[in-house]
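Chemist: Got a structure for you, model-v2.pdb, holding PDB, N, CA and C atoms.
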```pdb
MODEL        1
ATOM      1  N   MET C 905       0.835  -1.169   0.000
ATOM      2  CA  MET C 905       0.000   0.000   0.000
ATOM      3  C   MET C 905       0.889   1.245   0.000
ATOM      4  N   ASN C 906       0.466   2.230  -0.741
ATOM      5  CA  ASN C 906       1.169   3.514  -0.786
ATOM      6  C   ASN C 906       0.317   4.562  -0.101
ATOM      7  N   TRP C 907       0.949   5.334   0.765
ATOM      8  CA  TRP C 907       0.285   6.446   1.428
ATOM      9  C   TRP C 907       0.818   7.737   0.811
ATOM     10  N   VAL C 908      -0.074   8.543   0.257
ATOM     11  CA  VAL C 908       0.319   9.769  -0.429
ATOM     12  C   VAL C 908      -0.171  10.970   0.391
ATOM     13  N   PHE C 909       0.753  11.875   0.693
ATOM     14  CA  PHE C 909       0.422  13.074   1.469
ATOM     15  C   PHE C 909       1.398  14.167   1.074
ATOM     16  N   GLY C 910       0.859  15.366   0.841
ATOM     17  CA  GLY C 910       1.710  16.473   0.393
ATOM     18  C   GLY C 910       2.501  16.057  -0.834
ATOM     19  N   ASP C 911       3.803  16.320  -0.807
ATOM     20  CA  ASP C 911       4.662  15.914  -1.926
ATOM     21  C   ASP C 911       5.382  14.598  -1.618
ATOM     22  N   CYS C 912       4.815  13.831  -0.682
ATOM     23  CA  CYS C 912       5.460  12.586  -0.233
ATOM     24  C   CYS C 912       4.608  11.365  -0.539
ATOM     25  N   GLU C 913       5.301  10.236  -0.620
ATOM     26  CA  GLU C 913       4.644   8.951  -0.789
ATOM     27  C   GLU C 913       5.432   7.910   0.001
ATOM     28  N   LEU C 914       4.728   7.194   0.880
ATOM     29  CA  LEU C 914       5.338   6.121   1.656
ATOM     30  C   LEU C 914       4.832   4.802   1.105
ATOM     31  N   SER C 915       5.742   3.980   0.600
ATOM     32  CA  SER C 915       5.388   2.674   0.047
ATOM     33  C   SER C 915       5.704   1.595   1.068
ATOM     34  N   GLU C 916       4.653   0.924   1.551
ATOM     35  CA  GLU C 916       4.848  -0.158   2.515
ATOM     36  C   GLU C 916       5.521  -1.363   1.871
ATOM     37  N   GLU C 917       5.163  -1.678   0.648
ATOM     38  CA  GLU C 917       5.713  -2.853  -0.031
ATOM     39  C   GLU C 917       7.200  -2.696  -0.337
ATOM     40  N   LEU C 918       7.600  -1.487  -0.687
ATOM     41  CA  LEU C 918       8.999  -1.235  -1.066
ATOM     42  C   LEU C 918       9.828  -0.692   0.098
ATOM     43  N   PHE C 919       9.187  -0.457   1.255
ATOM     44  CA  PHE C 919       9.877   0.146   2.403
ATOM     45  C   PHE C 919      10.627   1.400   1.949
ATOM     46  N   ARG C 920       9.867   2.289   1.295
ATOM     47  CA  ARG C 920      10.499   3.457   0.677
ATOM     48  C   ARG C 920       9.656   4.703   0.895
ATOM     49  N   LEU C 921      10.351   5.788   1.154
ATOM     50  CA  LEU C 921       9.731   7.106   1.221
ATOM     51  C   LEU C 921      10.247   7.925   0.052
ATOM     52  N   LYS C 922       9.314   8.578  -0.651
ATOM     53  CA  LYS C 922       9.689   9.513  -1.701
ATOM     54  C   LYS C 922       9.158  10.886  -1.316
ATOM     55  N   ARG C 923       9.973  11.886  -1.595
ATOM     56  CA  ARG C 923       9.549  13.270  -1.405
ATOM     57  C   ARG C 923       9.881  14.012  -2.680
ATOM     58  N   ALA C 924       8.882  14.634  -3.276
ATOM     59  CA  ALA C 924       9.033  15.353  -4.540
ATOM     60  C   ALA C 924       9.667  14.449  -5.599
ATOM     61  N   GLY C 925       9.262  13.181  -5.599
ATOM     62  CA  GLY C 925       9.750  12.233  -6.595
ATOM     63  C   GLY C 925      11.105  11.615  -6.309
ATOM     64  N   ARG C 926      11.774  12.045  -5.247
ATOM     65  CA  ARG C 926      13.108  11.526  -4.924
ATOM     66  C   ARG C 926      13.032  10.609  -3.714
ATOM     67  N   VAL C 927      13.773   9.528  -3.763
ATOM     68  CA  VAL C 927      13.811   8.590  -2.645
ATOM     69  C   VAL C 927      14.567   9.224  -1.477
ATOM     70  N   VAL C 928      13.966   9.134  -0.301
ATOM     71  CA  VAL C 928      14.575   9.621   0.937
ATOM     72  C   VAL C 928      14.865   8.394   1.787
ATOM     73  N   LYS C 929      16.124   8.194   2.117
ATOM     74  CA  LYS C 929      16.500   7.012   2.882
ATOM     75  C   LYS C 929      16.089   7.164   4.339
ATOM     76  N   LEU C 930      15.464   6.109   4.846
ATOM     77  CA  LEU C 930      15.104   6.028   6.255
ATOM     78  C   LEU C 930      15.646   4.717   6.811
ATOM     79  N   GLU C 931      16.179   4.773   8.008
ATOM     80  CA  GLU C 931      16.596   3.543   8.679
ATOM     81  C   GLU C 931      15.353   2.672   8.866
ATOM     82  N   PRO C 932      15.510   1.339   8.893
ATOM     83  CA  PRO C 932      14.337   0.458   9.015
ATOM     84  C   PRO C 932      13.427   0.782  10.204
ATOM     85  N   LYS C 933      13.978   0.997  11.379
ATOM     86  CA  LYS C 933      13.136   1.274  12.548
ATOM     87  C   LYS C 933      12.416   2.617  12.400
ATOM     88  N   ILE C 934      13.060   3.585  11.782
ATOM     89  CA  ILE C 934      12.430   4.887  11.545
ATOM     90  C   ILE C 934      11.247   4.711  10.600
ATOM     91  N   PHE C 935      11.449   3.918   9.551
ATOM     92  CA  PHE C 935      10.368   3.614   8.618
ATOM     93  C   PHE C 935       9.193   2.988   9.355
ATOM     94  N   HIS C 936       9.471   2.038  10.255
ATOM     95  CA  HIS C 936       8.403   1.346  10.988
ATOM     96  C   HIS C 936       7.647   2.291  11.925
ATOM     97  N   VAL C 937       8.348   3.223  12.545
ATOM     98  CA  VAL C 937       7.677   4.233  13.373
ATOM     99  C   VAL C 937       6.732   5.057  12.497
ATOM    100  N   PHE C 938       7.223   5.496  11.353
ATOM    101  CA  PHE C 938       6.423   6.321  10.455
ATOM    102  C   PHE C 938       5.188   5.565   9.971
ATOM    103  N   ARG C 939       5.383   4.335   9.536
ATOM    104  CA  ARG C 939       4.260   3.517   9.059
ATOM    105  C   ARG C 939       3.230   3.310  10.174
ATOM    106  N   PHE C 940       3.698   3.069  11.377
ATOM    107  CA  PHE C 940       2.792   2.867  12.516
ATOM    108  C   PHE C 940       1.957   4.124  12.780
ATOM    109  N   LEU C 941       2.592   5.290  12.716
ATOM    110  CA  LEU C 941       1.854   6.534  12.906
ATOM    111  C   LEU C 941       0.813   6.749  11.804
ATOM    112  N   ILE C 942       1.174   6.464  10.558
ATOM    113  CA  ILE C 942       0.213   6.633   9.456
ATOM    114  C   ILE C 942      -0.956   5.669   9.612
ATOM    115  N   ARG C 943      -0.666   4.434   9.930
ATOM    116  CA  ARG C 943      -1.728   3.440  10.083
ATOM    117  C   ARG C 943      -2.672   3.772  11.235
ATOM    118  N   ASN C 944      -2.185   4.515  12.214
ATOM    119  CA  ASN C 944      -2.984   4.856  13.397
ATOM    120  C   ASN C 944      -3.296   6.347  13.453
ATOM    121  N   ARG C 945      -3.409   6.979  12.298
ATOM    122  CA  ARG C 945      -3.531   8.434  12.209
ATOM    123  C   ARG C 945      -4.822   8.986  12.793
ATOM    124  N   GLU C 946      -5.803   8.165  13.032
ATOM    125  CA  GLU C 946      -7.069   8.652  13.572
ATOM    126  C   GLU C 946      -7.000   8.943  15.071
ATOM    127  N   ARG C 947      -5.821   8.695  15.678
ATOM    128  CA  ARG C 947      -5.709   8.898  17.125
ATOM    129  C   ARG C 947      -4.283   9.279  17.512
ATOM    130  N   VAL C 948      -4.126   9.720  18.748
ATOM    131  CA  VAL C 948      -2.807   9.978  19.305
ATOM    132  C   VAL C 948      -2.234   8.635  19.743
ATOM    133  N   VAL C 949      -1.007   8.363  19.324
ATOM    134  CA  VAL C 949      -0.339   7.112  19.664
ATOM    135  C   VAL C 949       0.678   7.405  20.768
ATOM    136  N   SER C 950       0.591   6.651  21.858
ATOM    137  CA  SER C 950       1.478   6.905  22.986
ATOM    138  C   SER C 950       2.901   6.447  22.696
ATOM    139  N   LYS C 951       3.829   7.051  23.420
ATOM    140  CA  LYS C 951       5.233   6.665  23.319
ATOM    141  C   LYS C 951       5.392   5.184  23.627
ATOM    142  N   ALA C 952       4.734   4.711  24.701
ATOM    143  CA  ALA C 952       4.841   3.302  25.102
ATOM    144  C   ALA C 952       4.341   2.380  24.000
ATOM    145  N   GLU C 953       3.263   2.745  23.343
ATOM    146  CA  GLU C 953       2.708   1.914  22.278
ATOM    147  C   GLU C 953       3.670   1.830  21.083
ATOM    148  N   ILE C 954       4.253   2.946  20.717
ATOM    149  CA  ILE C 954       5.212   2.946  19.608
ATOM    150  C   ILE C 954       6.420   2.089  19.968
ATOM    151  N   LEU C 955       6.943   2.277  21.166
ATOM    152  CA  LEU C 955       8.112   1.500  21.596
ATOM    153  C   LEU C 955       7.803   0.008  21.628
ATOM    154  N   ASP C 956       6.635  -0.362  22.157
ATOM    155  CA  ASP C 956       6.246  -1.776  22.206
ATOM    156  C   ASP C 956       6.080  -2.376  20.817
ATOM    157  N   HIS C 957       5.621  -1.562  19.881
ATOM    158  CA  HIS C 957       5.395  -2.057  18.519
ATOM    159  C   HIS C 957       6.698  -2.158  17.713
ATOM    160  N   VAL C 958       7.543  -1.153  17.815
ATOM    161  CA  VAL C 958       8.738  -1.088  16.971
ATOM    162  C   VAL C 958       9.968  -1.713  17.632
ATOM    163  N   TRP C 959      10.055  -1.615  18.953
ATOM    164  CA  TRP C 959      11.200  -2.166  19.692
ATOM    165  C   TRP C 959      10.721  -3.113  20.785
ATOM    166  N   PRO C 960       9.951  -4.151  20.452
ATOM    167  CA  PRO C 960       9.397  -5.016  21.503
ATOM    168  C   PRO C 960      10.496  -5.726  22.305
ATOM    169  N   GLY C 961      10.434  -5.570  23.611
ATOM    170  CA  GLY C 961      11.366  -6.262  24.490
ATOM    171  C   GLY C 961      12.802  -5.780  24.440
ATOM    172  N   GLU C 962      13.072  -4.715  23.709
ATOM    173  CA  GLU C 962      14.442  -4.211  23.591
ATOM    174  C   GLU C 962      14.689  -3.100  24.598
ATOM    175  N   ALA C 963      15.891  -3.082  25.153
ATOM    176  CA  ALA C 963      16.295  -1.976  26.020
ATOM    177  C   ALA C 963      16.821  -0.863  25.122
ATOM    178  N   ILE C 964      16.175   0.290  25.188
ATOM    179  CA  ILE C 964      16.568   1.408  24.337
ATOM    180  C   ILE C 964      16.671   2.669  25.187
ATOM    181  N   SER C 965      17.363   3.647  24.675
ATOM    182  CA  SER C 965      17.530   4.903  25.409
ATOM    183  C   SER C 965      16.269   5.762  25.282
ATOM    184  N   GLU C 966      16.129   6.708  26.188
ATOM    185  CA  GLU C 966      14.996   7.633  26.183
ATOM    186  C   GLU C 966      14.962   8.499  24.923
ATOM    187  N   SER C 967      16.110   8.659  24.289
ATOM    188  CA  SER C 967      16.183   9.558  23.132
ATOM    189  C   SER C 967      15.792   8.899  21.814
ATOM    190  N   VAL C 968      15.603   7.584  21.797
ATOM    191  CA  VAL C 968      15.391   6.904  20.519
ATOM    192  C   VAL C 968      14.103   7.357  19.818
ATOM    193  N   LEU C 969      13.024   7.516  20.543
ATOM    194  CA  LEU C 969      11.783   7.920  19.878
ATOM    195  C   LEU C 969      11.806   9.393  19.452
ATOM    196  N   PRO C 970      12.205  10.329  20.320
ATOM    197  CA  PRO C 970      12.305  11.718  19.839
ATOM    198  C   PRO C 970      13.248  11.858  18.641
ATOM    199  N   ARG C 971      14.343  11.107  18.634
ATOM    200  CA  ARG C 971      15.271  11.122  17.491
ATOM    201  C   ARG C 971      14.569  10.593  16.243
ATOM    202  N   SER C 972      13.814   9.521  16.398
ATOM    203  CA  SER C 972      13.090   8.934  15.264
ATOM    204  C   SER C 972      12.100   9.932  14.677
ATOM    205  N   ILE C 973      11.350  10.586  15.544
ATOM    206  CA  ILE C 973      10.364  11.564  15.086
ATOM    207  C   ILE C 973      11.067  12.733  14.391
ATOM    208  N   ALA C 974      12.176  13.182  14.951
ATOM    209  CA  ALA C 974      12.935  14.283  14.331
ATOM    210  C   ALA C 974      13.433  13.895  12.944
ATOM    211  N   LEU C 975      13.898  12.660  12.778
ATOM    212  CA  LEU C 975      14.381  12.206  11.467
ATOM    213  C   LEU C 975      13.240  12.100  10.459
ATOM    214  N   ILE C 976      12.079  11.656  10.916
ATOM    215  CA  ILE C 976      10.911  11.591  10.022
ATOM    216  C   ILE C 976      10.525  13.005   9.593
ATOM    217  N   ARG C 977      10.468  13.909  10.560
ATOM    218  CA  ARG C 977      10.113  15.296  10.226
ATOM    219  C   ARG C 977      11.083  15.887   9.217
ATOM    220  N   ARG C 978      12.350  15.659   9.419
ATOM    221  CA  ARG C 978      13.356  16.176   8.483
ATOM    222  C   ARG C 978      13.146  15.562   7.092
ATOM    223  N   ALA C 979      12.867  14.276   7.047
ATOM    224  CA  ALA C 979      12.710  13.579   5.762
ATOM    225  C   ALA C 979      11.534  14.108   4.954
ATOM    226  N   VAL C 980      10.474  14.540   5.639
ATOM    227  CA  VAL C 980       9.279  15.008   4.922
ATOM    228  C   VAL C 980       9.135  16.525   4.906
ATOM    229  N   GLY C 981      10.121  17.237   5.456
ATOM    230  CA  GLY C 981      10.089  18.694   5.444
ATOM    231  C   GLY C 981       9.136  19.282   6.463
ATOM    232  N   ASP C 982       8.951  18.595   7.570
ATOM    233  CA  ASP C 982       8.055  19.050   8.631
ATOM    234  C   ASP C 982       8.860  19.712   9.736
ATOM    235  N   SER C 983       8.173  20.398  10.640
ATOM    236  CA  SER C 983       8.862  20.989  11.786
ATOM    237  C   SER C 983       8.029  20.792  13.035
ATOM    238  N   ARG C 984       8.708  20.742  14.148
ATOM    239  CA  ARG C 984       8.018  20.580  15.424
ATOM    240  C   ARG C 984       7.218  21.837  15.771
ATOM    241  N   ALA C 985       7.743  22.990  15.417
ATOM    242  CA  ALA C 985       7.098  24.268  15.751
ATOM    243  C   ALA C 985       5.781  24.455  15.005
ATOM    244  N   THR C 986       5.753  24.082  13.731
ATOM    245  CA  THR C 986       4.532  24.198  12.925
ATOM    246  C   THR C 986       4.296  22.873  12.200
ATOM    247  N   PRO C 987       3.815  21.869  12.928
ATOM    248  CA  PRO C 987       3.675  20.535  12.344
ATOM    249  C   PRO C 987       2.587  20.455  11.280
ATOM    250  N   LYS C 988       2.964  19.881  10.160
ATOM    251  CA  LYS C 988       2.009  19.624   9.082
ATOM    252  C   LYS C 988       1.882  18.129   8.815
ATOM    253  N   VAL C 989       2.794  17.339   9.405
ATOM    254  CA  VAL C 989       2.782  15.893   9.187
ATOM    255  C   VAL C 989       2.650  15.142  10.514
ATOM    256  N   ILE C 990       3.536  15.428  11.463
ATOM    257  CA  ILE C 990       3.485  14.744  12.758
ATOM    258  C   ILE C 990       3.371  15.780  13.867
ATOM    259  N   GLU C 991       2.332  15.628  14.647
ATOM    260  CA  GLU C 991       2.086  16.519  15.773
ATOM    261  C   GLU C 991       2.513  15.830  17.071
ATOM    262  N   THR C 992       3.192  16.566  17.932
ATOM    263  CA  THR C 992       3.500  16.086  19.270
ATOM    264  C   THR C 992       2.383  16.536  20.188
ATOM    265  N   VAL C 993       1.770  15.591  20.880
ATOM    266  CA  VAL C 993       0.732  15.907  21.852
ATOM    267  C   VAL C 993       1.379  15.696  23.214
ATOM    268  N   HIS C 994       1.867  16.779  23.787
ATOM    269  CA  HIS C 994       2.687  16.712  25.001
ATOM    270  C   HIS C 994       2.009  15.917  26.109
ATOM    271  N   GLY C 995       2.772  14.988  26.659
ATOM    272  CA  GLY C 995       2.285  14.144  27.735
ATOM    273  C   GLY C 995       1.445  12.971  27.272
ATOM    274  N   HIS C 996       1.204  12.889  25.950
ATOM    275  CA  HIS C 996       0.348  11.811  25.443
ATOM    276  C   HIS C 996       0.981  11.005  24.320
ATOM    277  N   GLY C 997       1.677  11.645  23.405
ATOM    278  CA  GLY C 997       2.291  10.905  22.307
ATOM    279  C   GLY C 997       2.373  11.709  21.031
ATOM    280  N   TYR C 998       2.173  11.022  19.912
ATOM    281  CA  TYR C 998       2.323  11.630  18.587
ATOM    282  C   TYR C 998       1.121  11.263  17.720
ATOM    283  N   ARG C 999       0.887  12.111  16.723
ATOM    284  CA  ARG C 999      -0.214  11.856  15.795
ATOM    285  C   ARG C 999       0.182  12.317  14.403
ATOM    286  N   PHE C1000      -0.101  11.470  13.420
ATOM    287  CA  PHE C1000       0.085  11.821  12.011
ATOM    288  C   PHE C1000      -1.105  12.699  11.624
ATOM    289  N   VAL C1001      -0.852  13.934  11.160
ATOM    290  CA  VAL C1001      -1.932  14.892  10.915
ATOM    291  C   VAL C1001      -2.076  15.345   9.457
ATOM    292  N   ALA C1002      -1.197  14.920   8.592
ATOM    293  CA  ALA C1002      -1.272  15.362   7.194
ATOM    294  C   ALA C1002      -2.483  14.721   6.507
ATOM    295  N   PRO C1003      -3.146  15.476   5.626
ATOM    296  CA  PRO C1003      -4.230  14.863   4.842
ATOM    297  C   PRO C1003      -3.648  13.791   3.915
ATOM    298  N   ILE C1004      -4.315  12.669   3.881
ATOM    299  CA  ILE C1004      -3.885  11.544   3.041
ATOM    300  C   ILE C1004      -4.634  11.616   1.711
ATOM    301  N   ALA C1005      -3.887  11.582   0.611
ATOM    302  CA  ALA C1005      -4.495  11.547  -0.718
ATOM    303  C   ALA C1005      -4.645  10.097  -1.179
ATOM    304  N   GLY C1006      -4.051   9.148  -0.476
ATOM    305  CA  GLY C1006      -4.150   7.718  -0.742
ATOM    306  C   GLY C1006      -4.556   7.062   0.541
ATOM    307  N   PRO C1007      -4.696   5.813   0.732
ATOM    308  CA  PRO C1007      -3.818   4.831   0.135
ATOM    309  C   PRO C1007      -4.163   4.554  -1.321
ATOM    310  N   ALA C1008      -3.121   4.235  -2.031
ATOM    311  CA  ALA C1008      -3.276   3.848  -3.426
ATOM    312  C   ALA C1008      -2.433   2.615  -3.647
ATOM    313  N   SER C1009      -2.897   1.741  -4.497
ATOM    314  CA  SER C1009      -2.106   0.543  -4.813
ATOM    315  C   SER C1009      -0.933   0.939  -5.656
ATOM    316  N   SER C1010       0.210   0.261  -5.432
ATOM    317  CA  SER C1010       1.406   0.603  -6.220
ATOM    318  C   SER C1010       1.371  -0.009  -7.579
TER     319      SER C1010
ENDMDL
END
```
As structure tokens, what does this structure read like?
Modeler:
Amino acid sequence: MNWVFGDCELSEELFRLKRAGRVVKLEPKIFHVFRFLIRNRERVVSKAEILDHVWPGEAISESVLPRSIALIRRAVGDSRATPKVIETVHGHGYRFVAPIAGPASS
């Protein structure tokens, strides 16, 4: 499935993000965080839920999720100050907020 939003397209089958037609490299775990947020875009997803889904049973540092979100924002041209793709809901988690023009089959 391809998720199309703004000038970006996230392909689940190809594990690929494109922005303005160009492939943007994402580390595998970063890709999985992004896909999880898109799939759950109708709600705020808690930090614990993301960690349990993407890093089940792994000991990770406190900075791994904020770093992941920052890398996703950079990849899609978003900012924390004026979010158009990922919103931080302080004390609760994150939410994908961009309007989706897809899913579309690849």
Chemist: For atom C of Ala979 in chain C and CA of Gly961 in chain C, quote the distance in Å rounded to one decimal.
Modeler: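 So the answer is 28.2 Å.
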Chemist: Return the single residue from C:Leu930, C:Ile976, C:Val937, C:Leu969 that is closest to His957 in chain C, with distances computed using only C-alpha atoms.
Modeler: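 Going through C:Leu930, C:Ile976, C:Val937, C:Leu969 one by one, the smallest distance to His957 in chain C is for C:Val937.
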Chemist: If you run DSSP on the backbone, which residues of range 919-970 of chain C are helix (DSSP H, G or I), as an mmCIF file with N, CA and C atoms, keeping the file's coordinate frame?
Modeler:
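Okay, this is what ended up in selection_5.cif:
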```cif
data_model
loop_
_atom_site.group_PDB
_atom_site.id
_atom_site.type_symbol
_atom_site.label_atom_id
_atom_site.label_comp_id
_atom_site.auth_asym_id
_atom_site.auth_seq_id
_atom_site.Cartn_x
_atom_site.Cartn_y
_atom_site.Cartn_z
ATOM 1 N N PRO C 932 15.510 1.339 8.893
ATOM 2 C CA PRO C 932 14.337 0.458 9.015
ATOM 3 C C PRO C 932 13.427 0.782 10.204
ATOM 4 N N LYS C 933 13.978 0.997 11.379
ATOM 5 C CA LYS C 933 13.136 1.274 12.548
ATOM 6 C C LYS C 933 12.416 2.617 12.400
ATOM 7 N N ILE C 934 13.060 3.585 11.782
ATOM 8 C CA ILE C 934 12.430 4.887 11.545
ATOM 9 C C ILE C 934 11.247 4.711 10.600
ATOM 10 N N PHE C 935 11.449 3.918 9.551
ATOM 11 C CA PHE C 935 10.368 3.614 8.618
ATOM 12 C C PHE C 935 9.193 2.988 9.355
ATOM 13 N N HIS C 936 9.471 2.038 10.255
ATOM 14 C CA HIS C 936 8.403 1.346 10.988
ATOM 15 C C HIS C 936 7.647 2.291 11.925
ATOM 16 N N VAL C 937 8.348 3.223 12.545
ATOM 17 C CA VAL C 937 7.677 4.233 13.373
ATOM 18 C C VAL C 937 6.732 5.057 12.497
ATOM 19 N N PHE C 938 7.223 5.496 11.353
ATOM 20 C CA PHE C 938 6.423 6.321 10.455
ATOM 21 C C PHE C 938 5.188 5.565 9.971
ATOM 22 N N ARG C 939 5.383 4.335 9.536
ATOM 23 C CA ARG C 939 4.260 3.517 9.059
ATOM 24 C C ARG C 939 3.230 3.310 10.174
ATOM 25 N N PHE C 940 3.698 3.069 11.377
ATOM 26 C CA PHE C 940 2.792 2.867 12.516
ATOM 27 C C PHE C 940 1.957 4.124 12.780
ATOM 28 N N LEU C 941 2.592 5.290 12.716
ATOM 29 C CA LEU C 941 1.854 6.534 12.906
ATOM 30 C C LEU C 941 0.813 6.749 11.804
ATOM 31 N N ILE C 942 1.174 6.464 10.558
ATOM 32 C CA ILE C 942 0.213 6.633 9.456
ATOM 33 C C ILE C 942 -0.956 5.669 9.612
ATOM 34 N N ARG C 943 -0.666 4.434 9.930
ATOM 35 C CA ARG C 943 -1.728 3.440 10.083
ATOM 36 C C ARG C 943 -2.672 3.772 11.235
ATOM 37 N N LYS C 951 3.829 7.051 23.420
ATOM 38 C CA LYS C 951 5.233 6.665 23.319
ATOM 39 C C LYS C 951 5.392 5.184 23.627
ATOM 40 N N ALA C 952 4.734 4.711 24.701
ATOM 41 C CA ALA C 952 4.841 3.302 25.102
ATOM 42 C C ALA C 952 4.341 2.380 24.000
ATOM 43 N N GLU C 953 3.263 2.745 23.343
ATOM 44 C CA GLU C 953 2.708 1.914 22.278
ATOM 45 C C GLU C 953 3.670 1.830 21.083
ATOM 46 N N ILE C 954 4.253 2.946 20.717
ATOM 47 C CA ILE C 954 5.212 2.946 19.608
ATOM 48 C C ILE C 954 6.420 2.089 19.968
ATOM 49 N N LEU C 955 6.943 2.277 21.166
ATOM 50 C CA LEU C 955 8.112 1.500 21.596
ATOM 51 C C LEU C 955 7.803 0.008 21.628
ATOM 52 N N ASP C 956 6.635 -0.362 22.157
ATOM 53 C CA ASP C 956 6.246 -1.776 22.206
ATOM 54 C C ASP C 956 6.080 -2.376 20.817
ATOM 55 N N HIS C 957 5.621 -1.562 19.881
ATOM 56 C CA HIS C 957 5.395 -2.057 18.519
ATOM 57 C C HIS C 957 6.698 -2.158 17.713
ATOM 58 N N VAL C 958 7.543 -1.153 17.815
ATOM 59 C CA VAL C 958 8.738 -1.088 16.971
ATOM 60 C C VAL C 958 9.968 -1.713 17.632
ATOM 61 N N VAL C 968 15.603 7.584 21.797
ATOM 62 C CA VAL C 968 15.391 6.904 20.519
ATOM 63 C C VAL C 968 14.103 7.357 19.818
ATOM 64 N N LEU C 969 13.024 7.516 20.543
ATOM 65 C CA LEU C 969 11.783 7.920 19.878
ATOM 66 C C LEU C 969 11.806 9.393 19.452
ATOM 67 N N PRO C 970 12.205 10.329 20.320
ATOM 68 C CA PRO C 970 12.305 11.718 19.839
ATOM 69 C C PRO C 970 13.248 11.858 18.641
#
```
Chemist: Apply the PyMOL selection byres ((chain C and resi 950) around 8) to the file shown and report the selected residues as a ChimeraX atom specification.
Modeler: /C:947-949,951-956,995-999
Chemist: Could you give me the axis-aligned bounding box of range 935-954 of chain C, with 3 Å of padding per side, as centre plus edge lengths in Å to one decimal, as AutoDock Vina command-line options?
Modeler:
```
--center_x 2.2 --center_y 5.7 --center_z 16.9 --size_x 24.5 --size_y 14.6 --size_z 22.5
```
Chemist: Could you check how far atom C of Val928 in chain C sits from atom N of Val993 in chain C, in Å to one decimal?
Modeler: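 So the answer is 24.2 Å.
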Chemist: Work out how far apart atom C of Leu941 in chain C and CA of Ala963 in chain C are and give it in Å to one decimal.
Modeler: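 Separation of atom C of Leu941 in chain C and CA of Ala963 in chain C: 22.8 Å.
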Chemist: Expand the PyMOL selection byres (((chain C and resi 1000 and name CA) around 7) and name CA) into the explicit residue set it covers here, and present it as a PyMOL selection string.
Modeler: chain C and resi 941-942+945+989-991+998-999+1001-1002
Chemist: For Asn906 in chain C, which residue among C:Lys988, C:His994, C:Arg920, C:Arg971 is the nearest when counting only C-alpha atoms?
Modeler: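 The closest residue to Asn906 in chain C is C:Arg920.
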Chemist: What does the PyMOL selection byres (((chain C and resi 925 and name CA) around 12) and name CA) select in this file, as a list in words?
Modeler: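 Against this file, the PyMOL selection byres (((chain C and resi 925 and name CA) around 12) and name CA) returns the residues Val908, Gly910, Asp911, Cys912, Glu913, Leu914, Arg920, Leu921, Lys922, Arg923, Ala924, Arg926, Val927, Val928 and Val980 of chain C.
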Chemist: Which of these residues is nearest to Val958 in chain C, using only N, CA and C atoms: C:Thr986, C:Ser915, C:Thr992, C:Lys933?
Modeler: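 Ranking C:Thr986, C:Ser915, C:Thr992, C:Lys933 by distance to Val958 in chain C, first place goes to C:Lys933.
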